[in-house]
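In what follows, a structure is listed as structure tokens, so that the remarks can point back to it.
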Amino acid sequence: MIVQRRVVSAVTAAAALLLTAGCSSDGGQPSGAEGSPSPSSTAAQSPSGSAAEQTPPAKGSVKVVRTVATGLKSPWGLAPLPGGGLLVSSRDEATITRVDEKTGEKTELGEVPGVAASGEGGLLGIALSPDYASDHMVYAYFTSASDNRIVRMRYDEKKPSGEQLGEPDTVFRGIPKGVIHNGGRIAFGPDGMLYAGTGESGDTGLSQDKESLGGKILRMTPDGEPAPGNPFPDSVVYSYGHRNVQGLAWDDRQRLFASEFGQETWDELNAIKPGDNYGWPEAEGKGGGSGFHDPLAQWSTDEASPSGIAFAGGSVWMAGLRGERLWRVPLKGTEAAADPQAFLEGEYGRLRTVVAAGGDRLWLVTSNTDGRGDAKGDDDRVLELRVT
């Protein structure tokens, strides 16, 4: 059973009316980044993009501008604050820390209660409310003793360090949990709706079951209700047939892309179309057959093990864990315009999260203290990149 909040704010209702009025349009509105809403719908997409779109160069570049902060432990999610500063979640310690992006100074907001960190579970993705300027709400996806769930907490920076997070308000619960494949990435889309990538928790049968929340991309209102325009009636399920969705990002034409772990053969970057079936466990990688949506790019599992993704400069940038590299995928609409290009291979170890920082810049978070893979030191860091 899915237990959800039943109170929808006036702001959400207004957004729902706007979405319903425009859900049949491809749109041409500004891009959405993790935690930054703009009015739009991802319900309709062009498979190859319009003639007005510019295709980025086949080859790009990455420059590490600086190390922003070090000394992080099992970092997972990152959310830039509109007034400056970066919020970073710790999977294993269940804390959220504010990083001053200018000085690298770290301030712990507090610990999120109810987190049961084990295996790949714990405090995972974070995102800011669409109304953060007025409500100061931080959303978090975490593994509890019984499930994976999404909560929101008020952030009050005027309180002492360690006491700045208010009591969590459960927005959505009942997502299957496991030792592996807990998903965890959350982001507010250009339409102001909350998207969540989930995993099948090791139970492959959940991915094809549209009644299950496992192995899906979910789309809901900020209060946890099924979002208007969803493909299945009274359901938060937006797409299915996924194994373990780890990254969510939108391009500058409000089209959604997602990264996910494969099993032994192919990791995937997908262009998400509402209601589509992405194949798992019947198909892995391209050529899955009729009825399955093929990925736009794929990698062997030792090259990627993809986690967070971001859109910048006409390309999707994808962080690789086992692959220990940052991938660039130039786009032409919802197709790859050229072969993926790898950067930073082996230089910083496992890469967990990448977030657009505006213009040609990205924030990149490493993942070497989570007890997985070969550690590249005893702490993790946030890097600032300049990309083309």
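Chain lettering (A, B, ...) mirrors the order of the structure tokens, residue numbering begins at 1 for each chain separately, and ligand numbering begins at 1 in order of display.
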
Spatial neighbours of Ala58 in chain A, 12 Å, only C-alpha atoms, chain gap at least 5 places, as a ChimeraX atom specification:
/A:313-315,328-332,336-341,388

Those residues with all heavy atoms, as a compact mmCIF listing (two decimals), in the first residue's frame please?
# COMPACT_ATOMS: atom_id res chain seq x y z
N GLY A 313 25.86 22.76 -21.79
CA GLY A 313 26.51 22.93 -23.08
C GLY A 313 26.03 21.97 -24.14
O GLY A 313 26.81 21.57 -25.02
N GLY A 314 24.75 21.60 -24.10
CA GLY A 314 24.20 20.71 -25.11
C GLY A 314 24.52 19.24 -24.91
O GLY A 314 24.19 18.41 -25.76
N SER A 315 25.15 18.90 -23.78
CA SER A 315 25.53 17.51 -23.52
C SER A 315 25.04 17.06 -22.15
O SER A 315 24.85 17.89 -21.24
CB SER A 315 27.07 17.36 -23.54
OG SER A 315 27.60 17.69 -24.81
N ARG A 328 30.85 12.46 -21.17
CA ARG A 328 30.14 13.50 -21.92
C ARG A 328 29.39 12.85 -23.08
O ARG A 328 29.99 12.12 -23.88
CB ARG A 328 31.11 14.54 -22.47
CG ARG A 328 30.47 15.60 -23.38
CD ARG A 328 31.55 16.50 -23.97
NE ARG A 328 31.02 17.57 -24.80
CZ ARG A 328 30.90 17.52 -26.12
NH1 ARG A 328 31.25 16.41 -26.78
NH2 ARG A 328 30.42 18.55 -26.80
N VAL A 329 28.08 13.11 -23.16
CA VAL A 329 27.26 12.59 -24.25
C VAL A 329 26.61 13.78 -24.97
O VAL A 329 25.62 14.34 -24.48
CB VAL A 329 26.17 11.62 -23.75
CG1 VAL A 329 25.40 11.03 -24.93
CG2 VAL A 329 26.78 10.52 -22.89
N PRO A 330 27.15 14.22 -26.12
CA PRO A 330 26.54 15.32 -26.85
C PRO A 330 25.20 14.89 -27.43
O PRO A 330 25.06 13.75 -27.90
CB PRO A 330 27.55 15.63 -27.94
CG PRO A 330 28.32 14.36 -28.14
CD PRO A 330 28.35 13.69 -26.79
N LEU A 331 24.23 15.77 -27.38
CA LEU A 331 22.87 15.41 -27.77
C LEU A 331 22.42 16.10 -29.06
O LEU A 331 22.80 17.24 -29.33
CB LEU A 331 21.88 15.79 -26.66
CG LEU A 331 22.03 15.09 -25.32
CD1 LEU A 331 21.01 15.65 -24.34
CD2 LEU A 331 21.87 13.58 -25.45
N LYS A 332 21.63 15.39 -29.81
CA LYS A 332 20.84 15.94 -30.91
C LYS A 332 19.41 15.53 -30.63
O LYS A 332 19.02 14.39 -30.91
CB LYS A 332 21.31 15.41 -32.25
CG LYS A 332 20.53 16.03 -33.43
CD LYS A 332 21.05 15.52 -34.76
CE LYS A 332 20.29 16.17 -35.91
NZ LYS A 332 20.79 15.67 -37.22
N ALA A 336 22.02 10.55 -29.18
CA ALA A 336 23.42 10.93 -29.05
C ALA A 336 23.92 11.47 -30.38
O ALA A 336 23.73 10.84 -31.43
CB ALA A 336 24.25 9.73 -28.61
N ALA A 337 24.55 12.66 -30.35
CA ALA A 337 25.04 13.27 -31.57
C ALA A 337 26.42 12.73 -31.97
O ALA A 337 26.84 12.90 -33.12
CB ALA A 337 25.12 14.78 -31.40
N ALA A 338 27.12 12.11 -31.02
CA ALA A 338 28.44 11.53 -31.27
C ALA A 338 28.70 10.51 -30.18
O ALA A 338 27.93 10.37 -29.23
CB ALA A 338 29.51 12.63 -31.26
N ASP A 339 29.79 9.78 -30.32
CA ASP A 339 30.13 8.78 -29.31
C ASP A 339 30.43 9.45 -27.97
O ASP A 339 31.00 10.55 -27.93
CB ASP A 339 31.36 7.98 -29.75
CG ASP A 339 31.06 7.06 -30.93
OD1 ASP A 339 29.87 6.73 -31.15
OD2 ASP A 339 32.02 6.70 -31.63
N PRO A 340 30.07 8.80 -26.86
CA PRO A 340 30.42 9.34 -25.54
C PRO A 340 31.93 9.52 -25.40
O PRO A 340 32.72 8.75 -25.96
CB PRO A 340 29.89 8.27 -24.58
CG PRO A 340 28.80 7.58 -25.34
CD PRO A 340 29.26 7.57 -26.76
N GLN A 341 32.32 10.55 -24.64
CA GLN A 341 33.73 10.87 -24.44
C GLN A 341 34.02 10.87 -22.94
O GLN A 341 33.26 11.43 -22.15
CB GLN A 341 34.03 12.25 -25.03
CG GLN A 341 35.47 12.68 -24.99
CD GLN A 341 35.66 14.08 -25.58
OE1 GLN A 341 34.70 14.76 -25.91
NE2 GLN A 341 36.91 14.49 -25.70
N THR A 388 33.10 22.06 -21.88
CA THR A 388 32.58 22.46 -23.18
C THR A 388 32.13 21.22 -23.92
O THR A 388 32.57 20.10 -23.62
CB THR A 388 33.64 23.16 -24.02
OG1 THR A 388 34.76 22.28 -24.24
CG2 THR A 388 34.11 24.44 -23.38

Which residue is closest to Glu268 in chain A? Choose from A:Pro306, A:Pro281, A:Gly77, A:Gly289 and count only C-alpha atoms.
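Among the listed residues, A:Pro306 lies closest to Glu268 in chain A.
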
Within 8 Å of range 173-181 of chain A, counting only C-alpha atoms, which residues qualify if same-chain residues fewer than 6 places away don't, as a list in words?
Met1, Ile2, Val3, Gln4, Ser118, Gly119, Glu120, Gly121, Thr143, Ser146, Asp147, Asn148, Arg149, Ile150, Thr198, Gly199, Glu200, Ser201, Gly202, Leu213, Gly214, Arg243 and Asn244 of chain A

Store the residues picked out above, limited to N, CA, C and O atoms, as an mmCIF file, in the first residue's frame.
data_model
loop_
_atom_site.group_PDB
_atom_site.id
_atom_site.type_symbol
_atom_site.label_atom_id
_atom_site.label_comp_id
_atom_site.auth_asym_id
_atom_site.auth_seq_id
_atom_site.Cartn_x
_atom_site.Cartn_y
_atom_site.Cartn_z
ATOM 1 N N MET A 1 0.848 -1.188 0.000
ATOM 2 C CA MET A 1 0.000 0.000 0.000
ATOM 3 C C MET A 1 0.886 1.241 0.000
ATOM 4 O O MET A 1 1.910 1.294 0.628
ATOM 5 N N ILE A 2 0.451 2.240 -0.707
ATOM 6 C CA ILE A 2 1.167 3.491 -0.768
ATOM 7 C C ILE A 2 0.464 4.467 0.143
ATOM 8 O O ILE A 2 -0.716 4.740 0.001
ATOM 9 N N VAL A 3 1.212 4.986 1.114
ATOM 10 C CA VAL A 3 0.650 5.960 2.032
ATOM 11 C C VAL A 3 1.181 7.316 1.647
ATOM 12 O O VAL A 3 2.381 7.518 1.612
ATOM 13 N N GLN A 4 0.307 8.255 1.334
ATOM 14 C CA GLN A 4 0.732 9.543 0.857
ATOM 15 C C GLN A 4 -0.016 10.621 1.588
ATOM 16 O O GLN A 4 -1.081 10.411 2.144
ATOM 17 N N SER A 118 22.466 0.901 5.354
ATOM 18 C CA SER A 118 22.969 -0.462 5.237
ATOM 19 C C SER A 118 23.114 -0.780 3.764
ATOM 20 O O SER A 118 22.243 -0.424 2.957
ATOM 21 N N GLY A 119 24.212 -1.452 3.392
ATOM 22 C CA GLY A 119 24.415 -1.779 1.988
ATOM 23 C C GLY A 119 24.430 -0.516 1.155
ATOM 24 O O GLY A 119 25.165 0.433 1.446
ATOM 25 N N GLU A 120 23.591 -0.464 0.115
ATOM 26 C CA GLU A 120 23.505 0.703 -0.749
ATOM 27 C C GLU A 120 22.452 1.696 -0.271
ATOM 28 O O GLU A 120 22.194 2.703 -0.932
ATOM 29 N N GLY A 121 21.825 1.410 0.867
ATOM 30 C CA GLY A 121 20.790 2.292 1.389
ATOM 31 C C GLY A 121 21.323 3.278 2.399
ATOM 32 O O GLY A 121 22.422 3.132 2.939
ATOM 33 N N THR A 143 16.553 5.534 3.029
ATOM 34 C CA THR A 143 16.171 4.174 3.386
ATOM 35 C C THR A 143 15.874 4.130 4.878
ATOM 36 O O THR A 143 16.718 4.492 5.699
ATOM 37 N N SER A 146 11.996 0.055 7.103
ATOM 38 C CA SER A 146 10.964 -0.719 6.413
ATOM 39 C C SER A 146 10.833 -0.426 4.926
ATOM 40 O O SER A 146 10.266 -1.239 4.188
ATOM 41 N N ASP A 147 11.329 0.719 4.463
ATOM 42 C CA ASP A 147 11.121 1.096 3.068
ATOM 43 C C ASP A 147 12.089 2.195 2.671
ATOM 44 O O ASP A 147 12.927 2.621 3.455
ATOM 45 N N ASN A 148 11.972 2.656 1.427
ATOM 46 C CA ASN A 148 12.574 3.917 1.005
ATOM 47 C C ASN A 148 11.465 4.950 0.961
ATOM 48 O O ASN A 148 10.340 4.646 0.537
ATOM 49 N N ARG A 149 11.782 6.175 1.386
ATOM 50 C CA ARG A 149 10.748 7.197 1.474
ATOM 51 C C ARG A 149 11.324 8.576 1.192
ATOM 52 O O ARG A 149 12.546 8.758 1.147
ATOM 53 N N ILE A 150 10.434 9.538 1.012
ATOM 54 C CA ILE A 150 10.821 10.921 0.766
ATOM 55 C C ILE A 150 10.222 11.781 1.869
ATOM 56 O O ILE A 150 9.025 11.670 2.167
ATOM 57 N N THR A 198 13.892 5.095 -8.682
ATOM 58 C CA THR A 198 13.897 3.989 -7.721
ATOM 59 C C THR A 198 14.593 2.765 -8.316
ATOM 60 O O THR A 198 14.776 2.654 -9.523
ATOM 61 N N GLY A 199 14.952 1.836 -7.444
ATOM 62 C CA GLY A 199 15.537 0.574 -7.865
ATOM 63 C C GLY A 199 14.592 -0.577 -7.572
ATOM 64 O O GLY A 199 13.612 -0.423 -6.834
ATOM 65 N N GLU A 200 14.916 -1.738 -8.131
ATOM 66 C CA GLU A 200 14.041 -2.900 -7.899
ATOM 67 C C GLU A 200 14.478 -3.696 -6.681
ATOM 68 O O GLU A 200 13.981 -4.790 -6.449
ATOM 69 N N SER A 201 15.394 -3.143 -5.898
ATOM 70 C CA SER A 201 15.846 -3.698 -4.615
ATOM 71 C C SER A 201 16.317 -5.144 -4.723
ATOM 72 O O SER A 201 16.273 -5.895 -3.755
ATOM 73 N N GLY A 202 16.763 -5.543 -5.921
ATOM 74 C CA GLY A 202 17.224 -6.900 -6.140
ATOM 75 C C GLY A 202 16.144 -7.878 -6.546
ATOM 76 O O GLY A 202 16.433 -9.033 -6.866
ATOM 77 N N LEU A 213 6.330 0.172 -6.944
ATOM 78 C CA LEU A 213 7.115 1.398 -7.027
ATOM 79 C C LEU A 213 8.585 1.130 -7.307
ATOM 80 O O LEU A 213 9.363 2.070 -7.470
ATOM 81 N N GLY A 214 8.986 -0.140 -7.360
ATOM 82 C CA GLY A 214 10.376 -0.511 -7.576
ATOM 83 C C GLY A 214 10.745 -0.543 -9.043
ATOM 84 O O GLY A 214 9.958 -1.001 -9.877
ATOM 85 N N ARG A 243 16.180 -0.839 -13.861
ATOM 86 C CA ARG A 243 16.852 -1.682 -12.873
ATOM 87 C C ARG A 243 17.192 -0.883 -11.618
ATOM 88 O O ARG A 243 16.827 -1.263 -10.512
ATOM 89 N N ASN A 244 17.900 0.229 -11.780
ATOM 90 C CA ASN A 244 18.276 1.051 -10.624
ATOM 91 C C ASN A 244 18.613 2.447 -11.126
ATOM 92 O O ASN A 244 19.743 2.710 -11.537
#

Apply DSSP to the backbone of this structure and, from range 74-218 of chain A, keep only the residues in alpha helix (DSSP H); write these as a list in words.
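Put together, the selection reads Tyr132, Ala133, Ser134 and Asp135 of chain A.
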
Proximity of range 144-199 of chain A to range 112-116 of chain A: per-residue shortest pair, 8 Å limit, only C-alpha atoms, as CSV:
residue,atom,partner,partner_atom,distance
A:Ser144,CA,A:Ala116,CA,4.8
A:Ala145,CA,A:Ala116,CA,5.5
A:Leu165,CA,A:Val112,CA,7.8
A:Pro168,CA,A:Val112,CA,7.5

Could you please take those selected residues and save C-alpha atoms as a short mmCIF file (atom, residue, chain, number, x, y, z; two decimals), in the first residue's frame?
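Now in part28.cif:
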data_model
loop_
_atom_site.label_atom_id
_atom_site.label_comp_id
_atom_site.auth_asym_id
_atom_site.auth_seq_id
_atom_site.Cartn_x
_atom_site.Cartn_y
_atom_site.Cartn_z
CA SER A 144 14.29 3.51 6.62
CA ALA A 145 13.94 0.27 8.57
CA LEU A 165 16.93 20.87 10.29
CA PRO A 168 10.86 15.55 8.89
#

Work out how far CA of Trp317 in chain A is from CA of Thr334 in chain A, in Å to one decimal.
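One can read the CA of Thr334 in chain A to CA of Trp317 in chain A distance as 14.2 Å.
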
Which is closest to Asn270 in chain A among A:Gln254, A:Thr103, A:Thr301, A:Gln246, if we use only C-alpha atoms?
A:Gln246

Point out the residue among A:Asp302, A:Glu105, A:Asp191, A:Asp374 with the least atom-to-atom distance to Arg255 in chain A, counting only C-alpha atoms.
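So, comparing all the options, the nearest one is A:Asp191.
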
Name all residues at most 8 Å from Leu364 in chain A (count only C-alpha atoms; drop same-chain ones fewer than 4 positions away) and give them as a PDB file with N, CA and C atoms, in the first residue's frame.
ATOM      1  N   LEU A 351      33.102   8.486  -8.933  1.00  0.00           N
ATOM      2  CA  LEU A 351      32.388   9.753  -9.064  1.00  0.00           C
ATOM      3  C   LEU A 351      30.900   9.498  -8.850  1.00  0.00           C
ATOM      4  N   ARG A 352      30.303  10.227  -7.900  1.00  0.00           N
ATOM      5  CA  ARG A 352      28.928   9.948  -7.478  1.00  0.00           C
ATOM      6  C   ARG A 352      27.893  10.892  -8.075  1.00  0.00           C
ATOM      7  N   THR A 353      28.132  12.187  -7.960  1.00  0.00           N
ATOM      8  CA  THR A 353      27.092  13.158  -8.291  1.00  0.00           C
ATOM      9  C   THR A 353      27.678  14.296  -9.102  1.00  0.00           C
ATOM     10  N   VAL A 354      26.953  14.706 -10.130  1.00  0.00           N
ATOM     11  CA  VAL A 354      27.334  15.864 -10.920  1.00  0.00           C
ATOM     12  C   VAL A 354      26.098  16.743 -11.078  1.00  0.00           C
ATOM     13  N   VAL A 355      26.268  18.049 -10.841  1.00  0.00           N
ATOM     14  CA  VAL A 355      25.154  18.987 -10.845  1.00  0.00           C
ATOM     15  C   VAL A 355      25.560  20.235 -11.625  1.00  0.00           C
ATOM     16  N   VAL A 382      34.327  17.863  -3.154  1.00  0.00           N
ATOM     17  CA  VAL A 382      33.531  18.522  -4.180  1.00  0.00           C
ATOM     18  C   VAL A 382      34.481  19.290  -5.072  1.00  0.00           C
ATOM     19  N   LEU A 383      34.331  19.125  -6.385  1.00  0.00           N
ATOM     20  CA  LEU A 383      35.164  19.809  -7.364  1.00  0.00           C
ATOM     21  C   LEU A 383      34.313  20.768  -8.191  1.00  0.00           C
ATOM     22  N   GLU A 384      34.936  21.843  -8.632  1.00  0.00           N
ATOM     23  CA  GLU A 384      34.313  22.724  -9.613  1.00  0.00           C
ATOM     24  C   GLU A 384      34.972  22.483 -10.966  1.00  0.00           C
ATOM     25  N   LEU A 385      34.149  22.250 -11.990  1.00  0.00           N
ATOM     26  CA  LEU A 385      34.647  21.972 -13.329  1.00  0.00           C
ATOM     27  C   LEU A 385      34.180  23.049 -14.300  1.00  0.00           C
TER      28      LEU A 385
END

All residues 9 Å or closer to Gly71 in chain A, only C-alpha atoms, same chain fewer than 2 positions away omitted, as a list in words:
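Using only C-alpha atoms, the neighbours found are Ala69, Lys73, Asp378, Asp379, Asp380 and Arg381 of chain A.
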
Secondary structure check, strand (DSSP E) residues of range 214-300 of chain A, as a PyMOL selection string:
chain A and resi 217-220+237-239+245-250+256-260+266-271+297-300

Spatial neighbours of Met153 in chain A, 10 Å, only C-alpha atoms, chain gap at least 4 places, as an MDAnalysis selection string
chainID A and resid 112 128:129 135:140 164:170

If we count only C-alpha atoms, what is near range 91-98 of chain A at a cut-off of 8 Å, once residues fewer than 2 positions away on the same chain are taken out, given as a PyMOL selection string?
chain A and resi 73-76+85-89+100+106-113+115+117-118+121-124+370

In Å, rounded to a single decimal, give me how far CA of Ala319 in chain A is from CA of Ser212 in chain A.
27.8 Å

CA of Val62 in chain A to CA of Gly349 in chain A, distance in Å rounded to a single decimal
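A separation of 16.1 Å between them.
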
So, with only C-alpha atoms as the atoms that count, which of A:Tyr278, A:Phe172, A:Tyr195, A:Phe257 lies closest to Gln208 in chain A?
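Nearest candidate to Gln208 in chain A out of A:Tyr278, A:Phe172, A:Tyr195, A:Phe257: A:Tyr278.
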
Report as JSON lines: every residue of range 133-228 of chain A with an atom at most 7 Å from range 237-242 of chain A, its closest pair of atoms, and their distance in Å to one decimal, counting only C-alpha atoms, with rows sorted by chain and ascending residue number.
{"residue": "A:Ser207", "atom": "CA", "partner": "A:Gly241", "partner_atom": "CA", "distance": 4.6}
{"residue": "A:Gln208", "atom": "CA", "partner": "A:Gly241", "partner_atom": "CA", "distance": 5.1}
{"residue": "A:Lys210", "atom": "CA", "partner": "A:Tyr240", "partner_atom": "CA", "distance": 6.9}
{"residue": "A:Gly215", "atom": "CA", "partner": "A:His242", "partner_atom": "CA", "distance": 4.6}
{"residue": "A:Lys216", "atom": "CA", "partner": "A:Tyr240", "partner_atom": "CA", "distance": 4.6}
{"residue": "A:Ile217", "atom": "CA", "partner": "A:Ser239", "partner_atom": "CA", "distance": 5.3}
{"residue": "A:Leu218", "atom": "CA", "partner": "A:Val237", "partner_atom": "CA", "distance": 4.7}
{"residue": "A:Arg219", "atom": "CA", "partner": "A:Tyr238", "partner_atom": "CA", "distance": 5.8}

Export of the given selection (N, CA, C and O atoms) as a compact mmCIF listing (two decimals), in the first residue's frame:
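Result file is part.txt:
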# COMPACT_ATOMS: atom_id res chain seq x y z
N SER A 207 10.23 -4.54 -11.58
CA SER A 207 10.42 -3.52 -12.62
C SER A 207 9.32 -3.51 -13.66
O SER A 207 8.93 -2.45 -14.15
N GLN A 208 8.80 -4.68 -14.00
CA GLN A 208 7.74 -4.77 -15.01
C GLN A 208 6.34 -4.68 -14.41
O GLN A 208 5.36 -4.61 -15.15
N LYS A 210 3.64 -2.62 -12.97
CA LYS A 210 3.27 -1.21 -12.90
C LYS A 210 2.55 -0.85 -11.60
O LYS A 210 2.37 0.33 -11.31
N GLY A 215 11.97 -0.07 -9.39
CA GLY A 215 12.42 -0.08 -10.77
C GLY A 215 11.66 0.90 -11.64
O GLY A 215 11.33 0.59 -12.79
N LYS A 216 11.42 2.08 -11.11
CA LYS A 216 10.59 3.07 -11.79
C LYS A 216 11.22 4.46 -11.75
O LYS A 216 12.14 4.73 -10.99
N ILE A 217 10.67 5.35 -12.56
CA ILE A 217 10.77 6.78 -12.31
C ILE A 217 9.39 7.24 -11.89
O ILE A 217 8.39 6.95 -12.56
N LEU A 218 9.32 7.89 -10.73
CA LEU A 218 8.06 8.36 -10.18
C LEU A 218 7.94 9.87 -10.41
O LEU A 218 8.93 10.59 -10.41
N ARG A 219 6.71 10.32 -10.55
CA ARG A 219 6.43 11.76 -10.71
C ARG A 219 5.23 12.10 -9.84
O ARG A 219 4.17 11.50 -9.96
